[in-house]
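Peer 1: This is the structure I want to talk about, given as structure tokens.
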Amino acid sequence: MATVRLLTMLPLWWSLCVSSALTPVRLRTLPLWWSLYISNALTPQALLAEWQAARIKSLDVDASRYHAQVLFVDDDNARARMAESCADALAHWADAGWWIYPHSCSLTEDQALIENPRQEAILTSLGFDGTRVTAAGAALAKEDLDAYDLVICADAAVRDAVLALGEESYETSVRLLADFATVADARSRALFDGLDVALAERARSRQDGGELVVEGADAQSDRDGFDALLESTLVLTAALVVFLKDSFDASFTDSFNGLLRTHFYDERHVDARWADAEPALRRHIVTGALDPRERERLFDAHMTGLRQRLSGDGVSS
């Protein structure tokens with residue numbers, strides 16, 4: 001069983017920079033405090049976390065369509081299927097089932113034909129969607145790279161194969177599932193509440209201190225390895241769901257603020273009240289995705305800013 005490793009995921013030149021920066025000779029040329037900082041901050045774990053966090057921040061997710069098509073890819077017709085099932089269950093528990101649409105496939109036709117009856121039985125018994133768990137496998141096609149908003153790969157080797165198929169132009173939308181370890185937090189942890197009780201507790205323990213496993217494990221011959229993979233997949237897909245929800249929330253807020261700027265922009269509108277504005281704004285679909293209290297808060301903030309701006313221009317509010 002393998003965990004996420006730094007040097008298999010970083011470019012060679014960066015790996016060489018790290019190894020050079022951590023030599024004793026290099027450290028002796030630096031002030032003591034800086035040497036201590038380097039020795040702590042540039043550990044493989046810290047570098048991996050920074051690298052993964054940067055990859056997540058660089059994601060270009062178009063949330064303006066208010067949904068995301070996510071494709072999980074593996075080379076064993078097991079890990080991607082597991083991730084799809086986990087993401088589906090967690091998205092529904094997070095009330096995001098109508099925003100996030102997970103799918104799965106393998107790299108090749110032969111891989112897509114691999115059968116995993118024991119995994120199917122376990123996932124079904126734990127309450128995951130039986131239709132997804134037992135669906136026929138599918139093979140990745142180049143057109144899929146354009147059809148899906150995000151392509152999430154089971155490991156670095158799978159990602160390399162996907163990028164080889166689609167060329168580097170797809171770099172911004174092809175990511176590792178392990179990248180989302182950096183955004184796992186209390187909110188993603190809370191999504192485990194919708195799972196089987198025992199499984200939820202194991203997933204919490206995995207997030208709180210266990211290693212995140214990315215390599216496959218046969219459910220029949222290596223149940224411990226399979227359980228570790230399932231728990232890790234839950235941690236990572238929960239973080240993915242929260243990341244996507246945040247992306248949508250930001251888009252909804254931007255769109256709603258745009259509506260406010262369109263409808264309330266000069267001295268004729270400074271006395272507008274929320275009770276009067278709400279019925280008109282509700283005709284726009286974006287408002288339905290925001291809590292009414294959040295809509296009112298944004299309205300009040302906009303109107304305060306409008307009055308201040310007009311007052312500064314010499315117009316009485």
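Chain labels A, B, ... are given in the sequence in which chains occur in the structure tokens; within each chain residues are numbered consecutively from 1, and ligands are likewise numbered from 1 in the order shown.
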If we count only C-alpha atoms, what is near Gly305 of chain A at a cut-off of 12 Å, once residues fewer than 5 positions away on the same chain are taken out, given as a short mmCIF file (atom, residue, chain, number, x, y, z; two decimals) with C-alpha atoms, in the first residue's frame?
Peer 2:
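Generated output (part.cif):
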```cif
data_model
loop_
_atom_site.label_atom_id
_atom_site.label_comp_id
_atom_site.auth_asym_id
_atom_site.auth_seq_id
_atom_site.Cartn_x
_atom_site.Cartn_y
_atom_site.Cartn_z
CA ASN A 257 -24.13 41.74 -6.50
CA LEU A 260 -27.95 44.87 -7.27
CA ARG A 261 -25.68 47.11 -9.33
CA PHE A 264 -30.01 50.07 -7.67
CA TYR A 265 -27.43 52.54 -8.90
CA ASP A 266 -28.43 56.23 -8.49
CA VAL A 270 -31.41 55.24 -2.24
CA LEU A 298 -25.80 41.81 0.50
CA PHE A 299 -28.64 44.21 -0.33
CA ASP A 300 -28.03 46.24 2.84
CA LEU A 310 -23.75 59.44 -3.71
CA SER A 311 -23.21 61.46 -0.56
CA GLY A 312 -19.57 61.83 -1.48
CA SER A 317 -29.45 60.51 0.56
#
```
Peer 1: Go ahead and compute the interatomic distance for atom CA of Gln119 of chain A and atom CA of Ala219 of chain A, in Å to one decimal.
Peer 2: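 Spanning atom CA of Gln119 of chain A to atom CA of Ala219 of chain A is a straight-line distance of 5.8 Å.
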Peer 1: Kindly assemble as CSV a list of the segment 235-275 of chain A residues that lie within 7 Å of segment 166-189 of chain A, each paired with its nearest atom pair and their distance in Å to one decimal, using only C-alpha atoms, sorted first by chain and then by ascending residue number.
Peer 2:
```
residue,atom,partner,partner_atom,distance
A:Val235,CA,A:Ala184,CA,6.9
A:Leu236,CA,A:Phe180,CA,5.7
A:Ala238,CA,A:Ser188,CA,5.0
A:Ala239,CA,A:Ala184,CA,4.6
A:Leu240,CA,A:Phe180,CA,6.0
A:Val242,CA,A:Ser188,CA,6.0
```
Peer 1: Can you list every residue in segment 144-246 of chain A that DSSP puts in strand (DSSP E or B), as a list in words?
Peer 2: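 The strand (DSSP E or B) residues within segment 144-246 of chain A come out as Leu150, Val151, Ile152, Cys153, Val174, Arg175, Leu176 and Val213 of chain A.
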Peer 1: List every residue of segment 71-298 of chain A that DSSP, applied to the backbone, labels as alpha helix (DSSP H), and write the result as a PyMOL selection string.
Peer 2: chain A and resi 79-93+109-112+117-125+130-134+144-147+156-166+186-190+197-209+223-263+274-281+292-298
Peer 1: Here is a test: counting only C-alpha atoms, which residue of A:Arg118, A:Glu211, A:Ala94, A:Tyr148 is nearest to Arg223 of chain A?
Peer 2: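 When distances to Arg223 of chain A are compared using only C-alpha atoms, the smallest one comes from A:Arg118.
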Peer 1: For Gly97 of chain A, find every residue with an atom within 10 Å (counting only C-alpha atoms), except residues of its own chain fewer than 6 positions away, and show them as a PyMOL selection string.
Peer 2: chain A and resi 67+87-91+241
